[in-house]
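Notes for the one structure printed next.
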Amino acid sequence: MADQTLPIAGTLDLTPPRIEERVSVLEWLHGWVITVDHKRLGILYVVYSIVFLLVGGVEALLIRIQLAVPNSHFLAPEFYNEMFTMHGTTMVFLVGMPILFGFANYLVPLMIGARDMAYPRLNAFSFWLTAFGGMLLYYSFIGGFGLYGMGAAPDVGWWAYAPLTAKAFSPGHATDYWALALIVSGFGTLGTAINVIATTLSMRCRGMTLMRMPLFVWLMLVVSGLTLVTITPLTAAQIMLVIDRYLGGHFFDTQAGGSAVVWMHFFWIFGHPEVYVLVMPVFGVASEIIPVFSRKAIFGYPAMVAASVGIAFVSLGVWAHHMFTVGMTSVGNTFFALSTMLVGIPTGIKIFNWVATLWGGKIRFRVPMLFCIAFIFQFLLAGLTGIMLSAAPWNWQLHNSYFVIAHFHYVLVGAIVFNIFAAIYYWYPKVTGRMMSETLGKWHFWLFFIGFHITFDTMHFLGFMGMPRSIYTYEPDRGWNHLNMIISIGGMIQGIAVLIFAWNLIHSYLRGKEAGNDPWDAWTLEWSTPSPPPVYNFSADPEVRSRRPLWDLKHPDDPDWKYEQ
Amino acid sequence: MSAIPMSHSAEPWSLPSRGRVAMLSLIIGETALFTIFVVAYIYYIGKSLTGPTPQVLELPIFNTVCLLSSSVTIWLAERQIERGKMGPFAAWWAFTIALGVVFIVGTGMEWHKLIYLDGLTIHTNLFGTTFYSLVGLHATHVVVGLVMLTIVLLFTLTGRLNPSHNERVQTLALYWHFVDAVWVVVFTVVYIVGR
Amino acid sequence: MKSTFRAHGPRAIRLSFLLAVSLLPACGAPAAWADAPQSLPNIFSPSTTPAHSIMGLSFFVLLITGSIFVVVGGLLCYAVVRFRARDNDDNSEPAQIYGSTQVELAWTVIPILIVVVLFLTTARIIFAIQDAPKPADALDVTVVGHQFWWEFRYPSLGIVTANELHVPVTTVSYLHLLSADVDHSFWVPQLGGKTDLIPNHPNDMWIDPHQTGVFLGQCAQFCGVEHAKMLLRVYVDTPAQFAEWVKLQQQPGVQDASVAAGRHVFETQACTNCHAVAGTAALGTFGPDLTHLMSRTTIASGAAANTPANLHAWIENPDHFKSGALMPAMQLSDEQIDQLVAYLDTLH
């Protein structure tokens with residue numbers, strides 16, 4: 001599409017010929033292991049996360065098979081508890097964070113016109129730490145009880161409330177694997193966050209002022225800043241847990257005056273901002289994709305930036321809304337109800353701006369856009385159920401029920417996973433040079449969309465009907481049977497959709513049609529490089545004058561820089 | 001065929017130093033880490049059910065003076081490398097390391113007394129748990145800092161370091177200043193507020 | 001629907017709630033709650049003052065969030081349909097609009113106003129429930145969470161029982177929530193919100209049931225292997241029934257000579273390490289008090305009905321009902337178990 005619009009005067013053709021190199025498998029593998037190229041590391045992150053997405057998905061399906069009928073004996077209680085602990089930990093730490101930092105790794109340097117991250121070797125180190133963390137966690141299936149006994153994975157819930165994690169209640173090593181895995185991958189995440197901040201602040205090309213950065217870059221900057229102050233409290237709490245378990249410390253030892261509630265505070269001081277760490281990058285994804293497929297500039301760019309920074313700050317003061325039922329004072333409950341409701345304001349601004357971007361556009365319903373529109377819809381609902389949960393008295397009813405499960409899966413799947421899919425469909429042509437199949441993509445979208453709503457819409461009602469979370473089975477006389485069956489069927493449909501997606505990834509890599517540099521007729525700098533981009537990204541340092549440098553190139557008569565302040 | 005503009009405008013274009021940005025980011029993260037340990041320490045003051053209380057602590061005045069003056073000496077070292085004087089730089093730098101080592105040795109002696117005289121270990125009671133982990137976390141940072149300072153000193157003595165590395169040296173010094181600043185907080189909380 | 005939304009709260013709010021609910025995707029759930037018998041757990045059929053206020057608040061919040069959903073969701077759908085690229089499109093770019101300060105301001109101020117309203121309503125309910133003064137005649141009950149069962153103590157009445165809580169109707173009962181091991185959470189949806197039982201961190205909650213009946217709930221904080229089978233039954237009795245129940249519970253264990261063999265098994269095996277029967281040598285506190293075991297309708301914290309056959313199966317191997325229960329299989333002979341069950345069967 002873009003090919004015929006260029007070149008124009010004063011530009012340089014940067015597309016080098018594609019060279020097919022023949023290397024042995026061992027050399028190829030070695031190349032990937034020692035790489036410090038931000039693009040290769042980005043791909044490693046994403047592939048690593050997709051593998052764990054499949055693993056975590058299988059765990060979710062096992063959970064749903066078990067819960068499909070009451071008093072089921074499909075899984076032993078111990079195994080079920082391991083499954084939901086591993087599902088939660090995997091999806092948050094081994095899928096959500098690495099895949100989003102993987103996108104950042106790949107895209108941030110390209111979007112700001114840099115040749116690599118600020119610290120390429122730190123980047124590689126961070127990835128391998130994260131990868132090691134994931135392997136450590138899954139090694140617990142073998143090593144949890146020690147090498148000679150049967151293994152056991154962590155079974156204390158991904159929130160791991162004390163004192164269930166104490167040696168007295170969780171003997172064996174499973175909980176240690178959990179804590180150590182998160183400490184290790186936490187250092188990896190910290191390294192990446194520092195790297196992203198240094199890259200965005202210090203590696204921008206000429207003219208790329210902060211207020212001209214693509215929103216994805218802005219959001220990754222905000223997320224990285226937020227990561228600095230959220231992942232470290234988790235690390236601190238994990239160190240305390242390890243001290244308790246290995247050195248006989250008493251931080252969370254309720255027998256020796258320690259406090260179980262302190263763990264909850266420390267965990268949620270990490271845990272709540274963590275949700276924003278996961279969701280804000282996908283705000284960035286949506287803010288890149290929606291304008292391109294609406295054929296309009298993002299509406300209210302400065303407001304979007306301000307709202308992102310606002311969400312980051314407010315998110316640091318809301319953690320105890322996970323603790324309305326632990327017996328805080330009425331003043332404490334009131335404070336956290338208010339701070340939580342305040343999140344709705346900047347979040348609302350974002351939704352309004354996306355709708356305003358659609359407004360008056362010419363919307364093209366390609367697969368990435370389908371996922372993004374579903375994302376806005378689902379994120380709206382997730383935000384509204386969040387408001388419901390922030391009303392502390394109602395939260396006393398809804399907390400730890402299936403309503404909460406439904407709410408946060410609406411955020412984590414309905415918003416984050418949908419946009420992760422959108423991002424993969426959108427940037428796959430840039431990364432591989434080939435388009436993903438639009439037909440398979442639509443199958444994937446519709447099946448996943450339908451399955452998602454069957455599963456997670458229904459879960460809200462189970463919460464109203466008093467079904468608590470984390471139970472491996474339920475009594476047949478509680479009236480929960482039919483809804484659980486429906487939810488499990490929805491889960492299977494999502495599973496099938498993800499298999500189609502996985503097939504599409506592989507199939508398109510081998511058979512997809514050539515993408516060209518700029519298949520979506522987009523506007524940010526990464527689309528000015530060849531697909532896939534060369535190791536050095538840009539043969540000459542680019543210079544930009546507006547937020548949409550390629551729009552300026554394609555519309556020299558009506559460039560953006562005439563209108564932006 | 002894609003393209004990007006090549007015409008470089010004359011506008012000045014400057015970006016912050018990536019070393020400084022990264023070190024400041026690390027310091028923000030470390031601050032959050034220490035905050036959690038400090039909060040835990042404060043929360044558990046007076047909550048131990050048995051065993052020694054913070055009254056067994058003695059004010060580590062000499063230690064504190066050493067560590068805080070090392071911030072001054074490293075600053076003097078920074079001034080020297082800025083002016084390109086590698087000799088005085090190495091001297092001040094070595095002096096900084098010496099002060100840091102004195103601090104670590106002092107902490108070791110304090111712990112020795114606490115363990116063998118007062119019977120306070122990390123699993124004696126909540127005071128022991130929180131004290132050793134907070135002071136230990138800080139001491140770990142001092143040790144890491146000393147390792148890095150020593151590496152720089154070795155580079156200086158072997159002549160591999162020259163005034164053009166000024167900025168990197170200052171970035172490292174930033175970390176050392178941070179470690180000293182944390183000690184001010186730890187000292188206040190553990191030896192003044194908590195005693 | 002009538003039984004679910006029994007006259008509480010202004011009619012307008014009730015109607016709008018129905019409206020809001022009907023907007024949520026239909027999946028058969030509303031029917032499920034509407035025709036359910038009284039005892040099915042449901043947060044929208046409250047039976048205490050706190051549960052009523054919570055429902056009132058929830059209707060109000062649903063009304064507001066429902067309206068937001070209709071307006072914003074409607075705009076989104078309209079935009080997606082109205083501004084789709086048509087087949088006969090000329091491929092020109094639409095007008096580029098970069099933003100508008102007035103519009104941004106409008107959609108910042110309106111949410112702020114909504115938050116203020118929601119917050120004030122919420123705060124009022126928080127204080128009304130949490131800081132309600134404790135009446136002088138309130139019944140005190142100490143609830144102790146154990147892995148994986150409930151202990152109920154009535155200090156003023158000298159009663160200890162397990163898993164089935166009895167309270168009198170309309171009287172305010174104050175529950176003091178403690179834990180013997182890990183975190184648990186007390187949740188009976190009809191009786192109000194949940195409150196956690198945390199070791200070293202006592203909590204309180206109060207209920208004043210408006211109707212008699214049995215209300216079902218269960219532990220709502222993951223507490224280990226058998227968290228799912230830590231079920232909870234609350235019997236709301238008439239004052240007369242409650243007085244009768246109290247009188248029975250205050251008796252020492254029945255001494256029936258005809259089951260002396262079973263009692264011998266009970267007292268000579270490890271049973272007494274964990275279980276207590278008032279009037280015998282059994283003083284254990286790790287497991288439920290068995291003095292009036294037969295006054296309870298379930299065993300194993302609600303995992304099975306209290307029948308001789310189930311008792312037999314439970315004693316033979318607790319894994320039969322709860323594979324992670326802390327009670328061990330005692331390796332008794334069939335005959336011993338029969339004798340034991342016969343003895344337990346007399347503990348009315």
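Every chain in the structure tokens has a letter given in the order shown (A, B, ...), and although residue numbers restart at 1 in each chain, ligands are simply numbered from 1 in the order shown.
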
Subject >> Neighbour list for segment 69-75 of chain B as a ChimeraX atom specification, cut-off 10 Å, only C-alpha atoms, skip fewer than 3 positions in-chain >> reply: /B:63-66,78-80,89,91-100,103,149,169-170,172-174,176-181

Next, dump the selected residues to file, keeping only C-alpha atoms, as a compact mmCIF listing (two decimals), in the first residue's frame.
# COMPACT_ATOMS: atom_id res chain seq x y z
CA ASN B 63 30.75 3.34 61.94
CA THR B 64 28.27 5.97 60.96
CA VAL B 65 30.89 8.70 60.84
CA CYS B 66 33.06 6.50 58.61
CA GLU B 78 34.77 12.77 41.54
CA ARG B 79 36.06 16.34 41.55
CA GLN B 80 39.58 15.09 40.85
CA PHE B 89 41.47 10.55 42.30
CA ALA B 91 43.92 8.35 46.58
CA TRP B 92 40.46 9.63 47.48
CA TRP B 93 38.88 6.60 45.88
CA ALA B 94 41.03 4.23 47.91
CA PHE B 95 40.25 6.21 51.04
CA THR B 96 36.53 5.79 50.30
CA ILE B 97 36.98 2.04 50.02
CA ALA B 98 38.88 1.98 53.30
CA LEU B 99 36.07 3.81 55.07
CA GLY B 100 33.55 1.37 53.61
CA PHE B 103 32.04 0.16 58.26
CA LEU B 149 34.58 0.56 43.83
CA VAL B 169 32.63 6.97 37.64
CA GLN B 170 30.09 9.57 38.73
CA LEU B 172 28.84 4.63 40.25
CA ALA B 173 29.39 7.30 42.89
CA LEU B 174 25.66 8.01 42.74
CA TRP B 176 27.49 4.94 46.80
CA HIS B 177 25.77 8.16 47.85
CA PHE B 178 22.49 6.26 47.84
CA VAL B 179 23.88 3.53 50.07
CA ASP B 180 25.05 6.22 52.51
CA ALA B 181 21.67 7.95 52.44

**OP:** Compare A:Trp396, A:Tyr106, A:Trp443, A:Phe101 by their minimum atom-to-atom distance to Ala51 of chain C, counting only C-alpha atoms, and give me the closest one.
**Re:** A:Trp396

**OP:** Return as a ChimeraX atom specification the full set of residues in segment 163-364 of chain A whose backbone-based DSSP assignment is alpha helix (DSSP H).
**Re:** /A:174-202,215-247,260-294,301-315,330-358

Based on the selection just made, write C-alpha atoms of those residues as a compact mmCIF listing (two decimals), in the first residue's frame.
# COMPACT_ATOMS: atom_id res chain seq x y z
CA ALA A 174 7.23 -26.27 46.57
CA THR A 175 6.70 -22.88 48.21
CA ASP A 176 10.44 -22.22 48.13
CA TYR A 177 10.49 -22.77 44.38
CA TRP A 178 7.62 -20.32 44.09
CA ALA A 179 9.37 -17.63 46.13
CA LEU A 180 12.78 -18.12 44.52
CA ALA A 181 11.36 -18.23 41.00
CA LEU A 182 9.63 -14.91 41.57
CA ILE A 183 12.72 -13.31 43.11
CA VAL A 184 14.82 -14.37 40.13
CA SER A 185 12.34 -13.32 37.47
CA GLY A 186 11.71 -10.16 39.49
CA PHE A 187 15.36 -9.15 39.05
CA GLY A 188 14.98 -9.80 35.34
CA THR A 189 11.93 -7.58 35.19
CA LEU A 190 13.69 -4.86 37.16
CA GLY A 191 16.58 -4.94 34.70
CA THR A 192 14.24 -4.67 31.74
CA ALA A 193 12.31 -1.83 33.33
CA ILE A 194 15.51 0.15 33.92
CA ASN A 195 16.55 -0.58 30.36
CA VAL A 196 13.26 0.62 28.88
CA ILE A 197 13.40 3.84 30.89
CA ALA A 198 16.98 4.52 29.87
CA THR A 199 16.13 3.73 26.25
CA THR A 200 13.08 5.95 26.03
CA LEU A 201 14.72 8.86 27.80
CA SER A 202 18.19 8.69 26.32
CA LEU A 215 1.63 6.23 22.96
CA PHE A 216 2.91 2.67 23.19
CA VAL A 217 6.34 4.03 24.09
CA TRP A 218 4.80 6.45 26.57
CA LEU A 219 2.88 3.68 28.25
CA MET A 220 5.93 1.43 28.41
CA LEU A 221 7.83 4.30 30.03
CA VAL A 222 5.08 4.73 32.62
CA VAL A 223 4.81 0.98 33.16
CA SER A 224 8.56 0.64 33.61
CA GLY A 225 8.53 3.43 36.17
CA LEU A 226 5.68 1.72 37.94
CA THR A 227 7.52 -1.60 37.77
CA LEU A 228 10.49 -0.08 39.61
CA VAL A 229 8.37 0.62 42.65
CA THR A 230 6.08 -2.43 42.51
CA ILE A 231 8.27 -5.40 41.67
CA THR A 232 10.77 -4.46 44.39
CA PRO A 233 8.22 -4.67 47.24
CA LEU A 234 7.36 -8.14 45.96
CA THR A 235 11.04 -9.04 45.97
CA ALA A 236 11.31 -7.66 49.52
CA ALA A 237 8.32 -9.72 50.67
CA GLN A 238 9.71 -12.84 48.98
CA ILE A 239 13.07 -12.33 50.66
CA MET A 240 11.24 -12.14 53.99
CA LEU A 241 9.33 -15.31 53.17
CA VAL A 242 12.55 -17.10 52.29
CA ILE A 243 14.14 -15.83 55.54
CA ASP A 244 11.13 -17.24 57.41
CA ARG A 245 11.29 -20.57 55.66
CA TYR A 246 15.07 -21.14 55.59
CA LEU A 247 16.51 -19.18 58.50
CA ALA A 260 -0.44 -12.42 58.44
CA VAL A 261 -1.92 -9.08 57.49
CA VAL A 262 1.50 -7.54 56.88
CA TRP A 263 2.09 -10.10 54.14
CA MET A 264 -1.22 -9.14 52.56
CA HIS A 265 -0.22 -5.47 52.58
CA PHE A 266 3.19 -6.17 51.09
CA PHE A 267 1.78 -8.54 48.53
CA TRP A 268 -0.94 -6.17 47.34
CA ILE A 269 1.34 -3.13 47.37
CA PHE A 270 2.93 -5.11 44.59
CA GLY A 271 -0.16 -6.95 43.42
CA HIS A 272 -2.46 -4.13 42.61
CA PRO A 273 -0.10 -1.88 40.67
CA GLU A 274 0.93 -5.11 38.95
CA VAL A 275 -2.49 -5.18 37.30
CA TYR A 276 -1.73 -1.78 35.84
CA VAL A 277 1.74 -2.92 34.85
CA LEU A 278 -0.01 -5.59 32.80
CA VAL A 279 -2.87 -3.54 31.44
CA MET A 280 -1.13 -0.29 30.54
CA PRO A 281 1.08 -1.75 27.81
CA VAL A 282 -2.06 -3.01 26.13
CA PHE A 283 -3.53 0.47 26.39
CA GLY A 284 -0.49 1.38 24.36
CA VAL A 285 -1.19 -1.38 21.87
CA ALA A 286 -4.78 -0.20 21.49
CA SER A 287 -3.62 3.38 21.09
CA GLU A 288 -1.41 2.30 18.18
CA ILE A 289 -3.85 -0.02 16.44
CA ILE A 290 -7.15 1.85 16.79
CA PRO A 291 -5.94 5.03 15.02
CA VAL A 292 -4.39 3.09 12.13
CA PHE A 293 -7.53 1.07 11.43
CA SER A 294 -9.81 4.07 11.98
CA TYR A 301 -2.90 12.57 22.80
CA PRO A 302 -1.92 14.85 25.74
CA ALA A 303 -4.95 13.66 27.71
CA MET A 304 -3.97 10.05 27.03
CA VAL A 305 -0.46 10.70 28.34
CA ALA A 306 -1.78 12.52 31.39
CA ALA A 307 -4.30 9.77 32.09
CA SER A 308 -1.56 7.12 31.90
CA VAL A 309 0.63 8.94 34.37
CA GLY A 310 -2.44 9.57 36.53
CA ILE A 311 -3.37 5.89 36.59
CA ALA A 312 0.19 5.00 37.60
CA PHE A 313 0.10 7.36 40.56
CA VAL A 314 -3.40 6.49 41.73
CA SER A 315 -2.64 2.77 41.39
CA SER A 330 -14.10 1.95 58.77
CA VAL A 331 -11.86 4.90 57.93
CA GLY A 332 -9.38 2.61 56.19
CA ASN A 333 -12.13 0.96 54.21
CA THR A 334 -13.54 4.35 53.23
CA PHE A 335 -10.15 5.64 52.08
CA PHE A 336 -9.45 2.65 49.87
CA ALA A 337 -12.97 2.70 48.45
CA LEU A 338 -12.42 6.30 47.40
CA SER A 339 -8.94 5.83 45.98
CA THR A 340 -10.16 2.83 44.01
CA MET A 341 -13.09 4.72 42.55
CA LEU A 342 -10.70 7.48 41.51
CA VAL A 343 -8.97 5.04 39.15
CA GLY A 344 -12.19 5.12 37.16
CA ILE A 345 -11.61 8.72 36.12
CA PRO A 346 -8.35 8.45 34.13
CA THR A 347 -9.45 5.04 32.88
CA GLY A 348 -12.71 6.53 31.68
CA ILE A 349 -10.81 9.27 29.87
CA LYS A 350 -8.91 6.60 27.97
CA ILE A 351 -12.04 4.77 26.89
CA PHE A 352 -13.65 8.03 25.77
CA ASN A 353 -10.59 8.96 23.75
CA TRP A 354 -10.58 5.60 21.97
CA VAL A 355 -14.25 5.96 21.10
CA ALA A 356 -13.59 9.51 19.92
CA THR A 357 -10.76 8.17 17.74
CA LEU A 358 -13.21 5.75 16.11

**OP:** For segment 57-61 of chain A, work out the shell of residues within 10 Å, counting only C-alpha atoms and skipping chain neighbours fewer than 2 positions away, then give it as a PyMOL selection string.
**Re:** chain A and resi 51-55+63-67+80+82-88+90-91+488-489+491-492+494-495+498

How would the residues just picked look written out with N, CA and C atoms as a PDB file, in the first residue's frame?
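Once written, result-v6.pdb looks like this:
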ATOM      1  N   VAL A  51       4.585 -20.029  24.813  1.00  0.00           N
ATOM      2  CA  VAL A  51       4.693 -21.404  25.309  1.00  0.00           C
ATOM      3  C   VAL A  51       4.008 -21.500  26.668  1.00  0.00           C
ATOM      4  N   PHE A  52       4.317 -20.544  27.556  1.00  0.00           N
ATOM      5  CA  PHE A  52       3.705 -20.611  28.881  1.00  0.00           C
ATOM      6  C   PHE A  52       2.218 -20.271  28.834  1.00  0.00           C
ATOM      7  N   LEU A  53       1.807 -19.495  27.828  1.00  0.00           N
ATOM      8  CA  LEU A  53       0.375 -19.233  27.671  1.00  0.00           C
ATOM      9  C   LEU A  53      -0.356 -20.546  27.405  1.00  0.00           C
ATOM     10  N   LEU A  54       0.259 -21.397  26.573  1.00  0.00           N
ATOM     11  CA  LEU A  54      -0.359 -22.691  26.304  1.00  0.00           C
ATOM     12  C   LEU A  54      -0.364 -23.552  27.563  1.00  0.00           C
ATOM     13  N   VAL A  55       0.754 -23.532  28.296  1.00  0.00           N
ATOM     14  CA  VAL A  55       0.819 -24.330  29.530  1.00  0.00           C
ATOM     15  C   VAL A  55      -0.235 -23.845  30.522  1.00  0.00           C
ATOM     16  N   ILE A  63      -8.683 -27.154  35.313  1.00  0.00           N
ATOM     17  CA  ILE A  63      -9.519 -26.595  36.377  1.00  0.00           C
ATOM     18  C   ILE A  63     -10.984 -26.640  35.963  1.00  0.00           C
ATOM     19  N   ARG A  64     -11.242 -26.244  34.709  1.00  0.00           N
ATOM     20  CA  ARG A  64     -12.642 -26.187  34.261  1.00  0.00           C
ATOM     21  C   ARG A  64     -13.238 -27.582  34.096  1.00  0.00           C
ATOM     22  N   ILE A  65     -12.428 -28.548  33.676  1.00  0.00           N
ATOM     23  CA  ILE A  65     -12.976 -29.916  33.580  1.00  0.00           C
ATOM     24  C   ILE A  65     -13.374 -30.377  34.976  1.00  0.00           C
ATOM     25  N   GLN A  66     -12.497 -30.116  35.944  1.00  0.00           N
ATOM     26  CA  GLN A  66     -12.795 -30.526  37.310  1.00  0.00           C
ATOM     27  C   GLN A  66     -14.085 -29.878  37.814  1.00  0.00           C
ATOM     28  N   LEU A  67     -14.302 -28.611  37.477  1.00  0.00           N
ATOM     29  CA  LEU A  67     -15.445 -27.899  38.038  1.00  0.00           C
ATOM     30  C   LEU A  67     -16.726 -28.058  37.218  1.00  0.00           C
ATOM     31  N   TYR A  80      -5.514 -30.041  42.184  1.00  0.00           N
ATOM     32  CA  TYR A  80      -6.313 -28.882  41.773  1.00  0.00           C
ATOM     33  C   TYR A  80      -5.704 -27.601  42.345  1.00  0.00           C
ATOM     34  N   GLU A  82      -2.653 -27.070  43.208  1.00  0.00           N
ATOM     35  CA  GLU A  82      -1.431 -26.765  42.467  1.00  0.00           C
ATOM     36  C   GLU A  82      -1.774 -26.114  41.127  1.00  0.00           C
ATOM     37  N   MET A  83      -2.830 -26.618  40.503  1.00  0.00           N
ATOM     38  CA  MET A  83      -3.196 -26.109  39.182  1.00  0.00           C
ATOM     39  C   MET A  83      -3.575 -24.639  39.245  1.00  0.00           C
ATOM     40  N   PHE A  84      -4.418 -24.252  40.214  1.00  0.00           N
ATOM     41  CA  PHE A  84      -4.814 -22.844  40.181  1.00  0.00           C
ATOM     42  C   PHE A  84      -3.693 -21.923  40.652  1.00  0.00           C
ATOM     43  N   THR A  85      -2.816 -22.450  41.515  1.00  0.00           N
ATOM     44  CA  THR A  85      -1.657 -21.646  41.912  1.00  0.00           C
ATOM     45  C   THR A  85      -0.735 -21.433  40.722  1.00  0.00           C
ATOM     46  N   MET A  86      -0.461 -22.526  40.010  1.00  0.00           N
ATOM     47  CA  MET A  86       0.451 -22.430  38.873  1.00  0.00           C
ATOM     48  C   MET A  86      -0.187 -21.637  37.736  1.00  0.00           C
ATOM     49  N   HIS A  87      -1.493 -21.803  37.551  1.00  0.00           N
ATOM     50  CA  HIS A  87      -2.174 -21.044  36.501  1.00  0.00           C
ATOM     51  C   HIS A  87      -2.015 -19.545  36.752  1.00  0.00           C
ATOM     52  N   GLY A  88      -2.295 -19.111  37.985  1.00  0.00           N
ATOM     53  CA  GLY A  88      -2.201 -17.689  38.306  1.00  0.00           C
ATOM     54  C   GLY A  88      -0.772 -17.183  38.182  1.00  0.00           C
ATOM     55  N   THR A  90       1.754 -18.489  36.576  1.00  0.00           N
ATOM     56  CA  THR A  90       2.226 -18.564  35.200  1.00  0.00           C
ATOM     57  C   THR A  90       1.698 -17.402  34.377  1.00  0.00           C
ATOM     58  N   MET A  91       0.389 -17.181  34.465  1.00  0.00           N
ATOM     59  CA  MET A  91      -0.203 -16.173  33.593  1.00  0.00           C
ATOM     60  C   MET A  91       0.297 -14.770  33.927  1.00  0.00           C
ATOM     61  N   SER A 488     -17.477 -24.134  31.757  1.00  0.00           N
ATOM     62  CA  SER A 488     -16.465 -25.069  31.262  1.00  0.00           C
ATOM     63  C   SER A 488     -16.546 -25.216  29.754  1.00  0.00           C
ATOM     64  N   ILE A 489     -17.768 -25.214  29.219  1.00  0.00           N
ATOM     65  CA  ILE A 489     -17.907 -25.311  27.756  1.00  0.00           C
ATOM     66  C   ILE A 489     -17.270 -24.091  27.096  1.00  0.00           C
ATOM     67  N   GLY A 491     -14.866 -22.384  28.241  1.00  0.00           N
ATOM     68  CA  GLY A 491     -13.418 -22.545  28.352  1.00  0.00           C
ATOM     69  C   GLY A 491     -12.870 -23.396  27.223  1.00  0.00           C
ATOM     70  N   MET A 492     -13.585 -24.476  26.903  1.00  0.00           N
ATOM     71  CA  MET A 492     -13.136 -25.355  25.814  1.00  0.00           C
ATOM     72  C   MET A 492     -13.119 -24.593  24.486  1.00  0.00           C
ATOM     73  N   GLN A 494     -12.642 -21.448  24.035  1.00  0.00           N
ATOM     74  CA  GLN A 494     -11.444 -20.596  24.015  1.00  0.00           C
ATOM     75  C   GLN A 494     -10.198 -21.415  23.730  1.00  0.00           C
ATOM     76  N   GLY A 495     -10.164 -22.629  24.303  1.00  0.00           N
ATOM     77  CA  GLY A 495      -9.016 -23.496  24.058  1.00  0.00           C
ATOM     78  C   GLY A 495      -8.860 -23.793  22.575  1.00  0.00           C
ATOM     79  N   VAL A 498      -7.494 -20.818  20.734  1.00  0.00           N
ATOM     80  CA  VAL A 498      -6.051 -20.603  20.916  1.00  0.00           C
ATOM     81  C   VAL A 498      -5.256 -21.589  20.060  1.00  0.00           C
TER      82      VAL A 498
END

Subject >> Nearest to chain B by atom-to-atom distance, counting only C-alpha atoms, from C:Leu177, C:Pro328, C:Thr272, C:Asn200 >> reply: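 Using only C-alpha atoms, the shortest distance to chain B belongs to C:Asn200.
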
Original post:
What residues in chain B lie within 10 Å of chain A, counting only C-alpha atoms, written as a PyMOL selection string?
Top reply: chain B and resi 1-9+11-37+39-41+43-44+46-50+121-130+132-133+137

Can you pull out the residues contacting segment 204-211 of chain C? Cut-off 8 Å, using only C-alpha atoms, and skip same-chain residues under 4 positions away; I want them as a PDB file with C-alpha atoms, in the first residue's frame.
ATOM      1  CA  GLY A 327     -11.004  -6.188  59.344  1.00  0.00           C
TER       2      GLY A 327
ATOM      3  CA  SER C  47     -31.901 -11.839  55.766  1.00  0.00           C
ATOM      4  CA  THR C  48     -30.084  -9.427  58.076  1.00  0.00           C
ATOM      5  CA  THR C  49     -29.822  -5.666  58.384  1.00  0.00           C
ATOM      6  CA  PRO C  50     -26.227  -5.513  57.061  1.00  0.00           C
ATOM      7  CA  GLN C 130     -19.073  -1.345  60.689  1.00  0.00           C
ATOM      8  CA  PRO C 168     -31.807 -16.807  67.660  1.00  0.00           C
ATOM      9  CA  VAL C 169     -33.885 -14.832  65.159  1.00  0.00           C
ATOM     10  CA  THR C 170     -33.949 -10.967  65.355  1.00  0.00           C
ATOM     11  CA  THR C 171     -31.434 -10.860  68.222  1.00  0.00           C
ATOM     12  CA  VAL C 172     -28.096  -9.334  67.346  1.00  0.00           C
ATOM     13  CA  SER C 173     -25.332 -11.925  67.429  1.00  0.00           C
ATOM     14  CA  TYR C 174     -21.731 -10.747  67.610  1.00  0.00           C
ATOM     15  CA  LEU C 175     -19.267 -13.108  66.022  1.00  0.00           C
ATOM     16  CA  HIS C 176     -15.679 -12.831  67.264  1.00  0.00           C
ATOM     17  CA  LEU C 177     -13.579 -14.336  64.540  1.00  0.00           C
ATOM     18  CA  LEU C 191     -26.530 -13.106  56.396  1.00  0.00           C
ATOM     19  CA  GLY C 192     -24.121 -10.455  55.139  1.00  0.00           C
ATOM     20  CA  THR C 195     -15.078 -11.331  57.308  1.00  0.00           C
ATOM     21  CA  VAL C 236     -31.602 -19.316  62.739  1.00  0.00           C
TER      22      VAL C 236
END
